[in-house]
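**Student:** First the structure, then my questions, so here it is.
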Amino acid sequence: MAVTVELPIEQTSGMEARPRAAGLPRFARPVLGLLLPVSIALAWELIVWLGYSNGRLMPPPSQVFATIVELARSGELLRHVITTLTRVGLGFGFGVVAGTMLGAISGYWRPARRLLDPTVQALRAIPSIAWVPLFILWLGIFETSKVALIAVGVFFPVYLGVMDAILSVDRKIVEVGRIFRLSGFAMIRRILLPAVLPAYVVALRVGLGLGWMFVVAAEFMGASEGLGYLLIDGQQLGKPAQILAAIVIFAILGATTDWLIEISAAPFLRWQDAFGKRAGGA
Amino acid sequence: MLALDGVRKIYPNGVHALERFSAEINPGEIVAIIGGSGCGKSTLLRAIAGLDRATAGTVTLDDTTILAPHAKIGIIFQEPRLLPWLSVADNVGFGVSDLPSSARREKVAAALKRVGLADKANAWPRELSGGQAQRVAIARALVPQPEVLLLDEPFSALDAFTRRDLQDHLLDLWADTRPTLILVTHDVDEAVVLADRVLVMRPRPGRLFEEIKVNLTRPRDRNSELFDRFKRHVLTALDRSLDRSIPDRDAGPSVGESSMWW
């Protein structure tokens, strides 16, 4: 009998209001992240404007911005950006194709892993920049050696990511495929590929990050075009504003290309963040 | 009819999981396999499913020897094992992907309705509770209409309330097409409520110890005295199966010889 008395009490306690997302309203959250860099920039602008520093080695944001505008107006910026983007694009493409193929073979087929993986791991231990002199000797000073260097940088994280992802696919899920008698190809298409995809996207993003890193290294050595050339040029001619301008452009391009990978993968990874999205809606 | 004949399994690491297990299971029969840990229950189920091949002996379904997963044999694991990248509906339809999509959709909708989850068709697996996920797994296993459905401790990860609910539900579903059910469990209550026959196994190496027919009418009242008596009977058999001083018996044709294994 006591149970029937307690029941309504339990029910009301179950109907408590769900806790509200605490803190700032939604639109204000990214603003908080901007607070620090923007106030530092404004402070520096103010310091130079008030004459406490001449801003020669560390030009204020307005001057950096003016340099970017000037470069853009003369059409030079576009030329450098296209050159750099082409190098990154080609290097990233080659690196991804090679990394994906070899990573998949190593992950899927044990004899290949035994054969291939020790060599790849040994090569990975070499700082990729160390290849530069050799690549220049072999491939010349122009585009090929630069693309090759970027491709090498992209290759390793993609290779490792793909191989690891395949090796860590849950055996229990693979068994579901076996129970429904999937053929080898269907098993890859319906079980392995979707299971591997999240880790693959991460590997691509890491690879792309390294690609941007290596394009700078590549353009430091004997380039006459590209954002890396702008950096060197700014250093040699004592134009810090140009260096900072190139750095800002690098940041924008890097973040944008990373974001492109993220949003093009998003439709395939909806199942992953379903929880986060639901928290907003239902 | 599903026939197990002298099934033995020794794993590559030397573990002797199963020794000369023989049984015949009739179409539509519900058999519970119960026993202490390490008695080879799951090994047996995996051999019937065709996931692991027996070291010796055979599993045959209507004169077909089972060496690999078979279309007429379905399995429900301890965990739901839903594919997280597929919606609930696509998970349920996973085993019938060779059907034209309209027929598939129809079957999936019917199966989801049957397990009471019609409104979850478009949800992702991670949005389901444990009990709901296991219902989806049951629906997925039933959609291809298996003749034999294997269940490997299917409700052991659920709370007592949900477990009871799903046990009753399973019987409902079974009544639709009456497949053979072979259920591995360590829950005596579950064995007695579901099974026509309880096979008690004993460990090291896993082998059949005792067979108990549960000739109670369905639906079974978990609170009746008769139910209790069957439960006690199974419990006693379980206790005895772990007592090494008691020799094997009632274990079919290999009664005398099997004493050499311990």
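All residue names refer to the structure tokens as shown: chains lettered A, B, ... in order, residues numbered from 1 in each chain, ligands numbered from 1 in order.
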Please check the contacts: residues of chain B at most 12 Å away from chain A, using only C-alpha atoms, listed as a ChimeraX atom specification.
**Tutor:** /B:46,48-52,68-88,90-98,122-128,137,140-144,146,149-150
**Student:** Set the distance at 12 Å and use only C-alpha atoms: which residues neighbour Gly36 of chain B once local chain neighbours fewer than 4 positions away are removed? I'd like the list as a list in words.
**Tutor:** Gly40, Lys41, Ser42, Val184, Thr185, His186, Asp187, Val188, Val200, Met201, Arg202, Pro203, Arg204, Pro205, Gly206, Arg207, Leu208, Phe209, Leu235, Ala237, Leu238, Asp239, Arg240, Ser241, Leu242 and Asp243 of chain B
**Student:** Emit the selected residues as a tab-separated table (two decimals), in the first residue's frame, including C-alpha atoms.
**Tutor:**
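The resulting file, out-v3.tsv, is shown below:
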chain	number	residue	atom	x	y	z
B	40	GLY	CA	31.57	-23.36	-23.31
B	41	LYS	CA	28.08	-21.94	-23.70
B	42	SER	CA	29.12	-19.12	-25.96
B	184	VAL	CA	22.54	-19.01	-23.68
B	185	THR	CA	21.94	-17.53	-20.27
B	186	HIS	CA	23.17	-17.55	-16.71
B	187	ASP	CA	19.81	-16.49	-15.38
B	188	VAL	CA	17.82	-19.46	-14.04
B	200	VAL	CA	22.87	-27.59	-17.95
B	201	MET	CA	26.56	-27.57	-18.85
B	202	ARG	CA	29.61	-28.05	-16.66
B	203	PRO	CA	32.99	-26.41	-17.18
B	204	ARG	CA	36.58	-27.38	-17.97
B	205	PRO	CA	36.07	-28.63	-20.57
B	206	GLY	CA	32.56	-27.47	-21.30
B	207	ARG	CA	30.16	-30.37	-21.71
B	208	LEU	CA	26.56	-31.34	-21.21
B	209	PHE	CA	25.71	-32.25	-17.62
B	235	LEU	CA	19.58	-24.52	-9.52
B	237	ALA	CA	21.58	-29.20	-11.25
B	238	LEU	CA	23.79	-26.13	-11.60
B	239	ASP	CA	25.23	-26.65	-8.13
B	240	ARG	CA	25.86	-30.28	-8.85
B	241	SER	CA	27.47	-29.46	-12.19
B	242	LEU	CA	30.12	-27.48	-10.33
B	243	ASP	CA	30.74	-30.21	-7.79
**Student:** Segment 72-178 of chain B: which residues are helix (DSSP H, G or I) by DSSP, as a PyMOL selection string?
**Tutor:** chain B and resi 88-92+94-96+101-114+118-120+125-127+130-142+160-177
**Student:** Identify, on the basis of only C-alpha atoms, every residue whose closest approach to Val248 of chain A does not exceed 10 Å; exclude the query and any residue fewer than 6 positions from it along the same chain; express the result as number ranges by chain.
**Tutor:** A: 64-65, 68, 242, 254
**Student:** What lies within 9 Å of segment 14-24 of chain B using only C-alpha atoms, ignoring chain neighbours under 4 positions off, as JSON, numbers by chain?
**Tutor:** {"B": [1, 2, 3, 4, 5, 6, 7, 8, 9, 10, 38, 39, 40, 41, 43, 44, 54, 56, 57, 203, 204, 205, 206, 207, 208, 251, 252, 253, 254, 258, 261]}
**Student:** Please identify the strand (DSSP E or B) residues within segment 4-108 of chain B (assignment by DSSP from backbone atoms) and present them as JSON, numbers by chain.
**Tutor:** {"B": [4, 5, 6, 7, 8, 9, 10, 16, 17, 18, 19, 20, 21, 22, 23, 24, 25, 30, 31, 32, 33, 34, 35, 56, 57, 58, 59, 60, 61, 64, 65, 73, 74, 75, 76]}
**Student:** Quick one: write out the picked residues with C-alpha atoms as an mmCIF file, in the first residue's frame?
**Tutor:**
data_model
loop_
_atom_site.group_PDB
_atom_site.id
_atom_site.type_symbol
_atom_site.label_atom_id
_atom_site.label_comp_id
_atom_site.auth_asym_id
_atom_site.auth_seq_id
_atom_site.Cartn_x
_atom_site.Cartn_y
_atom_site.Cartn_z
ATOM 1 C CA LEU B 4 24.901 -31.218 -32.881
ATOM 2 C CA ASP B 5 27.075 -34.272 -33.058
ATOM 3 C CA GLY B 6 30.142 -34.624 -30.869
ATOM 4 C CA VAL B 7 31.064 -30.951 -31.128
ATOM 5 C CA ARG B 8 34.495 -30.272 -29.675
ATOM 6 C CA LYS B 9 36.351 -27.003 -29.617
ATOM 7 C CA ILE B 10 39.949 -26.440 -28.649
ATOM 8 C CA HIS B 16 39.633 -26.744 -24.224
ATOM 9 C CA ALA B 17 36.276 -25.021 -24.411
ATOM 10 C CA LEU B 18 33.915 -27.748 -25.459
ATOM 11 C CA GLU B 19 34.006 -31.520 -25.400
ATOM 12 C CA ARG B 20 31.810 -33.848 -27.421
ATOM 13 C CA PHE B 21 28.595 -31.942 -27.158
ATOM 14 C CA SER B 22 25.671 -33.692 -28.799
ATOM 15 C CA ALA B 23 22.051 -32.625 -28.925
ATOM 16 C CA GLU B 24 19.111 -32.603 -31.252
ATOM 17 C CA ILE B 25 16.876 -29.603 -31.299
ATOM 18 C CA ILE B 30 13.066 -23.204 -27.264
ATOM 19 C CA VAL B 31 16.227 -24.461 -25.614
ATOM 20 C CA ALA B 32 18.102 -22.674 -22.856
ATOM 21 C CA ILE B 33 21.747 -23.449 -22.254
ATOM 22 C CA ILE B 34 22.892 -22.634 -18.770
ATOM 23 C CA GLY B 35 26.053 -23.225 -16.811
ATOM 24 C CA ALA B 56 35.747 -31.879 -34.261
ATOM 25 C CA GLY B 57 32.149 -32.946 -34.618
ATOM 26 C CA THR B 58 29.447 -31.429 -36.780
ATOM 27 C CA VAL B 59 26.589 -28.994 -36.644
ATOM 28 C CA THR B 60 23.887 -29.757 -39.192
ATOM 29 C CA LEU B 61 20.673 -27.943 -39.992
ATOM 30 C CA THR B 64 23.283 -28.930 -44.295
ATOM 31 C CA THR B 65 26.565 -28.922 -42.419
ATOM 32 C CA ILE B 73 20.484 -19.032 -38.692
ATOM 33 C CA GLY B 74 20.326 -15.660 -36.971
ATOM 34 C CA ILE B 75 22.029 -14.520 -33.811
ATOM 35 C CA ILE B 76 21.446 -11.870 -31.178
#
**Student:** What is the distance, in Å and to one decimal place, between atom CA of Arg124 of chain A and atom CA of Trp259 of chain A?
**Tutor:**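 About the pair atom CA of Arg124 of chain A and atom CA of Trp259 of chain A: they are 26.8 Å apart.
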**Student:** Could you work out how far atom CA of Ala165 of chain A lies from atom CA of Val196 of chain A, giving the answer in Å with one decimal?
**Tutor:**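 Separation between atom CA of Val196 of chain A and atom CA of Ala165 of chain A: 5.4 Å.
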**Student:** What gap, in Å, lies between atom CA of Thr217 of chain B and atom CA of Leu166 of chain B?
**Tutor:**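 Atom-to-atom, atom CA of Thr217 of chain B to atom CA of Leu166 of chain B, that is 19.0 Å.
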**Student:** Pick from A:Gly51, A:Glu76, A:Arg87, A:Val152: nearest to Ile126 of chain A, with only C-alpha atoms counted?
**Tutor:**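 Checking each of A:Gly51, A:Glu76, A:Arg87, A:Val152 against Ile126 of chain A, counting only C-alpha atoms, the winner is A:Val152.
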**Student:** Do you know which residues are at most 9 Å from Val162 of chain A counting only C-alpha atoms, after dropping those on the same chain fewer than 3 positions away, and could you put them as a PyMOL selection string?
**Tutor:** chain A and resi 99-104+106-107+157-159+165-167+196-197+199-200+203
**Student:** Export C-alpha atoms of the chosen residues as a JSON list (two decimals), in the first residue's frame?
**Tutor:**
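Produced file out_10.json, reproduced below:
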[["chain", "number", "residue", "atom", "x", "y", "z"],
["A", 99, "GLY", "CA", 48.94, 7.33, -47.75],
["A", 100, "THR", "CA", 45.42, 6.02, -48.19],
["A", 101, "MET", "CA", 46.41, 3.20, -50.51],
["A", 102, "LEU", "CA", 49.40, 1.97, -48.55],
["A", 103, "GLY", "CA", 47.65, 2.53, -45.22],
["A", 104, "ALA", "CA", 44.64, 0.54, -46.39],
["A", 106, "SER", "CA", 48.83, -2.39, -44.43],
["A", 107, "GLY", "CA", 45.72, -2.26, -42.30],
["A", 157, "PRO", "CA", 49.81, 11.01, -40.93],
["A", 158, "VAL", "CA", 47.37, 9.75, -43.56],
["A", 159, "TYR", "CA", 49.11, 6.37, -43.81],
["A", 165, "ALA", "CA", 41.65, 3.05, -38.13],
["A", 166, "ILE", "CA", 41.34, -0.23, -40.03],
["A", 167, "LEU", "CA", 43.15, -2.15, -37.31],
["A", 196, "VAL", "CA", 37.02, 4.06, -40.63],
["A", 197, "LEU", "CA", 35.65, 7.35, -41.90],
["A", 199, "ALA", "CA", 39.46, 8.59, -38.10],
["A", 200, "TYR", "CA", 40.17, 9.13, -41.80],
["A", 203, "ALA", "CA", 44.00, 11.97, -40.56]]
**Student:** When distances are computed from only C-alpha atoms, which of A:Val38, A:Gly161, A:Gly91, A:Leu244 shows the smallest separation from Ala148 of chain A?
**Tutor:**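 Of A:Val38, A:Gly161, A:Gly91, A:Leu244, the one nearest Ala148 of chain A, counting only C-alpha atoms, is A:Gly91.
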